[in-house]
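Colleague: My structure is in start_26.txt, and what it holds is compact mmCIF, C-alpha atoms:
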# COMPACT_ATOMS: atom_id res chain seq x y z
CA MET A 26 -60.22 -37.25 50.51
CA PRO A 27 -56.99 -38.42 48.83
CA MET A 28 -55.35 -36.15 46.30
CA PHE A 29 -54.03 -37.32 42.92
CA MET A 30 -51.85 -35.86 40.20
CA ASP A 31 -52.49 -37.44 36.84
CA VAL A 32 -50.42 -36.95 33.73
CA HIS A 33 -51.36 -37.13 30.05
CA HIS A 34 -48.69 -37.40 27.36
CA GLY A 35 -49.02 -36.93 23.60
CA MET A 36 -51.20 -33.80 23.79
CA THR A 37 -48.82 -31.81 21.60
CA GLY A 38 -50.37 -28.60 20.32
CA ILE A 39 -53.27 -28.61 22.79
CA THR A 40 -55.00 -25.21 22.83
CA GLU A 41 -56.52 -23.29 25.71
CA GLU A 42 -59.98 -24.04 24.29
CA GLN A 43 -59.26 -27.77 24.10
CA LEU A 44 -57.90 -27.83 27.65
CA LYS A 45 -60.98 -25.97 28.90
CA ALA A 46 -63.33 -28.29 27.01
CA ALA A 47 -61.60 -31.41 28.37
CA HIS A 48 -61.65 -30.05 31.92
CA GLN A 49 -65.30 -29.05 31.58
CA ALA A 50 -66.19 -32.53 30.33
CA ASP A 51 -64.50 -34.02 33.39
CA LEU A 52 -66.27 -31.60 35.74
CA SER A 53 -69.64 -32.39 34.22
CA ILE A 54 -69.53 -36.06 35.29
CA GLU A 55 -66.89 -36.17 38.05
CA GLY A 56 -69.51 -36.34 40.80
CA GLU A 57 -70.65 -39.74 39.57
CA GLU A 58 -67.38 -41.22 40.87
CA GLY A 59 -66.94 -38.85 43.81
CA VAL A 60 -64.04 -37.09 42.07
CA HIS A 61 -63.27 -33.38 41.98
CA PHE A 62 -60.77 -32.06 39.46
CA GLN A 63 -59.23 -28.96 40.99
CA GLN A 64 -56.91 -27.66 38.34
CA ALA A 65 -55.09 -28.62 35.15
CA TRP A 66 -51.89 -27.33 33.56
CA ALA A 67 -50.74 -27.95 29.99
CA ASP A 68 -47.46 -27.76 28.11
CA PRO A 69 -48.50 -27.76 24.44
CA GLU A 70 -44.88 -28.02 23.29
CA SER A 71 -44.10 -31.36 24.94
CA GLY A 72 -47.78 -32.39 24.91
CA THR A 73 -47.96 -32.90 28.66
CA VAL A 74 -51.05 -32.21 30.76
CA TYR A 75 -51.17 -32.41 34.58
CA CYS A 76 -54.48 -32.66 36.47
CA LEU A 77 -54.84 -32.29 40.22
CA SER A 78 -57.87 -33.93 41.80
CA ASN A 79 -59.44 -35.15 44.99
CA ALA A 80 -60.83 -38.62 44.57
CA PRO A 81 -61.65 -41.79 46.48
CA SER A 82 -59.17 -43.78 44.37
CA ARG A 83 -56.90 -43.81 41.34
CA GLU A 84 -59.50 -45.94 39.56
CA ALA A 85 -62.19 -43.30 40.10
CA VAL A 86 -59.97 -40.65 38.48
CA GLN A 87 -59.31 -42.89 35.52
CA LYS A 88 -62.99 -43.81 35.08
CA ILE A 89 -63.89 -40.15 34.60
CA HIS A 90 -60.97 -39.47 32.26
CA GLU A 91 -61.81 -42.57 30.22
CA ARG A 92 -65.48 -41.66 29.91
CA THR A 93 -64.55 -38.19 28.66
CA GLY A 94 -62.17 -39.65 26.09
CA HIS A 95 -58.78 -38.78 27.57
CA PRO A 96 -57.46 -41.58 29.80
CA ALA A 97 -54.44 -40.60 31.90
CA ASP A 98 -51.03 -42.18 31.26
CA GLU A 99 -50.01 -41.89 34.91
CA ILE A 100 -52.02 -41.34 38.08
CA HIS A 101 -50.07 -40.66 41.27
CA PRO A 102 -51.54 -40.33 44.72
CA VAL A 103 -49.93 -37.22 46.25
CA PRO A 104 -50.51 -37.50 50.00
CA LEU A 105 -47.82 -34.87 50.71
CA VAL A 106 -48.50 -31.24 49.81
CA VAL A 107 -46.57 -28.16 50.76
CA MET B 30 -44.53 -14.38 34.62
CA PRO B 31 -44.39 -17.82 32.99
CA MET B 32 -45.50 -20.82 35.00
CA PHE B 33 -43.56 -24.08 35.19
CA MET B 34 -44.24 -27.60 36.45
CA ASP B 35 -41.10 -29.44 37.36
CA VAL B 36 -40.82 -33.11 38.18
CA HIS B 37 -38.37 -35.00 40.38
CA HIS B 38 -38.06 -38.78 40.16
CA GLY B 39 -36.32 -41.17 42.55
CA MET B 40 -37.62 -39.56 45.76
CA THR B 41 -39.05 -42.86 47.04
CA GLY B 42 -39.96 -42.70 50.70
CA ILE B 43 -39.83 -38.90 50.95
CA THR B 44 -41.46 -37.73 54.18
CA GLU B 45 -43.58 -34.68 54.87
CA GLU B 46 -40.67 -33.16 56.83
CA GLN B 47 -38.25 -33.73 53.94
CA LEU B 48 -40.68 -32.21 51.43
CA LYS B 49 -41.18 -29.19 53.67
CA ALA B 50 -37.43 -28.77 54.22
CA ALA B 51 -36.72 -28.99 50.47
CA HIS B 52 -39.49 -26.50 49.67
CA GLN B 53 -38.30 -24.14 52.41
CA ALA B 54 -34.75 -24.32 51.06
CA ASP B 55 -36.06 -23.34 47.61
CA LEU B 56 -38.15 -20.50 49.04
CA SER B 57 -35.20 -19.11 50.96
CA ILE B 58 -33.17 -18.36 47.81
CA GLU B 59 -35.77 -18.32 45.01
CA GLY B 60 -35.81 -14.52 44.85
CA GLU B 61 -32.21 -14.47 43.67
CA GLU B 62 -33.38 -15.88 40.32
CA GLY B 63 -36.79 -14.20 40.29
CA VAL B 64 -38.53 -17.53 40.89
CA HIS B 65 -41.49 -18.24 43.14
CA PHE B 66 -42.34 -21.81 44.04
CA GLN B 67 -46.09 -21.93 44.66
CA GLN B 68 -46.75 -25.48 45.70
CA ALA B 69 -45.29 -28.99 45.69
CA TRP B 70 -46.92 -32.42 45.75
CA ALA B 71 -45.20 -35.71 46.50
CA ASP B 72 -45.93 -39.38 45.90
CA PRO B 73 -43.55 -41.19 48.27
CA GLU B 74 -44.50 -44.56 46.80
CA SER B 75 -43.32 -43.89 43.25
CA GLY B 76 -40.83 -41.27 44.43
CA THR B 77 -42.29 -38.49 42.29
CA VAL B 78 -42.40 -34.84 43.31
CA TYR B 79 -44.16 -32.08 41.33
CA CYS B 80 -43.37 -28.40 41.90
CA LEU B 81 -45.38 -25.52 40.47
CA SER B 82 -43.58 -22.21 40.08
CA ASN B 83 -43.60 -18.84 38.44
CA ALA B 84 -40.24 -18.04 36.94
CA PRO B 85 -38.56 -16.04 34.19
CA SER B 86 -37.24 -19.24 32.59
CA ARG B 87 -36.74 -22.98 32.93
CA GLU B 88 -33.07 -22.30 33.66
CA ALA B 89 -33.96 -20.07 36.62
CA VAL B 90 -36.08 -22.86 38.13
CA GLN B 91 -33.25 -25.34 37.71
CA LYS B 92 -30.63 -22.99 39.17
CA ILE B 93 -32.59 -22.77 42.42
CA HIS B 94 -33.26 -26.52 42.56
CA GLU B 95 -29.58 -27.26 41.86
CA ARG B 96 -28.33 -24.89 44.53
CA THR B 97 -30.62 -26.51 47.10
CA GLY B 98 -29.40 -29.97 46.13
CA HIS B 99 -32.39 -31.39 44.27
CA PRO B 100 -32.16 -30.70 40.52
CA ALA B 101 -35.36 -31.42 38.61
CA ASP B 102 -35.53 -34.26 36.09
CA GLU B 103 -38.10 -32.45 33.93
CA ILE B 104 -39.15 -28.81 33.77
CA HIS B 105 -42.19 -27.99 31.65
CA PRO B 106 -43.50 -24.54 30.92
CA VAL B 107 -47.29 -24.70 31.50
CA PRO B 108 -48.72 -21.68 29.71
CA LEU B 109 -52.25 -23.14 29.81
CA VAL B 110 -54.05 -23.38 33.15
CA VAL B 111 -57.67 -24.19 33.85
What would the structure in this file look like if it were written as structure tokens?

Modeller:
Amino acid sequence: MPMFMDVHHGMTGITEEQLKAAHQADLSIEGEEGVHFQQAWADPESGTVYCLSNAPSREAVQKIHERTGHPADEIHPVPLVV
Amino acid sequence: MPMFMDVHHGMTGITEEQLKAAHQADLSIEGEEGVHFQQAWADPESGTVYCLSNAPSREAVQKIHERTGHPADEIHPVPLVV
């Protein structure tokens, strides 16, 4: 299944609890679009959040993020991993 | 040790071999700055590469990337991981 890295901007000041809650919200419905969010990393200072997922498409990733209230600003397929 | 996500732009068309070679070059000298590059993901279409590392500082990450010929365009500390 293709892998995607999506990026959220403007999340300045995000806390560990907020990141966990957002990730948990995604996990709770991800199966409905065949997505699996593997991991997420946040930089509260610049307000940047990165999410790594396996998904059938970019659109599937965005559907989940939109339904949980945090649409991604960028979604990149990352077919190369090392 | 702090974790960082760095981003490279303009790598359009990067191949698996090139990503591996760049990562291997980083790994070969990373210890000199106390850095460890964990993983890297590339989107050849948009030319974006993401590298996840543990490092003492943003500057240490950049020193390694500069010495191996591919300075990062952005380096974000990512203290929150889920």

Colleague: CA of Pro106 (chain B) to CA of His34 (chain A): how many Å, to one decimal?

Modeller: 14.3 Å

Colleague: What are the closest atom pairs, with distances in Å to one decimal, for each residue of chain B lying within 7 Å of chain A, using all atoms listed in the file, rows by chain and rising residue number, as a tab-separated table?

Modeller:
residue	atom	partner	partner_atom	distance
B:Glu45	CA	A:Leu105	CA	5.9
B:Lys49	CA	A:Val107	CA	6.2
B:Gln68	CA	A:Val107	CA	5.7
B:Ala69	CA	A:Val107	CA	5.3
B:Trp70	CA	A:Val106	CA	4.5
B:Ala71	CA	A:Val103	CA	5.0
B:Asp72	CA	A:Val103	CA	4.6
B:His105	CA	A:Asp68	CA	6.4
B:Pro106	CA	A:Asp68	CA	5.8
B:Val107	CA	A:Asp68	CA	4.6
B:Pro108	CA	A:Asp68	CA	6.4
B:Leu109	CA	A:Ala67	CA	5.0
B:Val110	CA	A:Trp66	CA	4.5
B:Val111	CA	A:Ala65	CA	5.3

Colleague: Let me have the centre and edge lengths in Å, one decimal, of the box along x, y and z around every listed atom of region 76-90 of chain B with 4 Å of margin on each side, as JSON.

Modeller:
{"center_x": -39.2, "center_y": -28.7, "center_z": 38.5, "size_x": 20.3, "size_y": 33.2, "size_z": 19.8}

Colleague: As an MDAnalysis selection string, please: the residues near Ile89 (chain A) (cut-off 12 Å, all atoms listed in the file, same-chain neighbours under 5 positions excluded).

Modeller: chainID A and resid 31 47:62 78 80 82:84 94:97

Colleague: What is the distance, in Å and to one decimal place, between CA of His37 (chain B) and CA of Lys88 (chain A)?

Modeller: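 Taking CA of His37 (chain B) as the start and CA of Lys88 (chain A) as the end point, the length is 26.7 Å.
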
Colleague: What does the structure give for the distance between CA of Asp102 (chain B) and CA of Asp98 (chain A), in Å to one decimal?

Modeller: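 Computing the Euclidean distance for CA of Asp102 (chain B) and CA of Asp98 (chain A) yields 18.1 Å.
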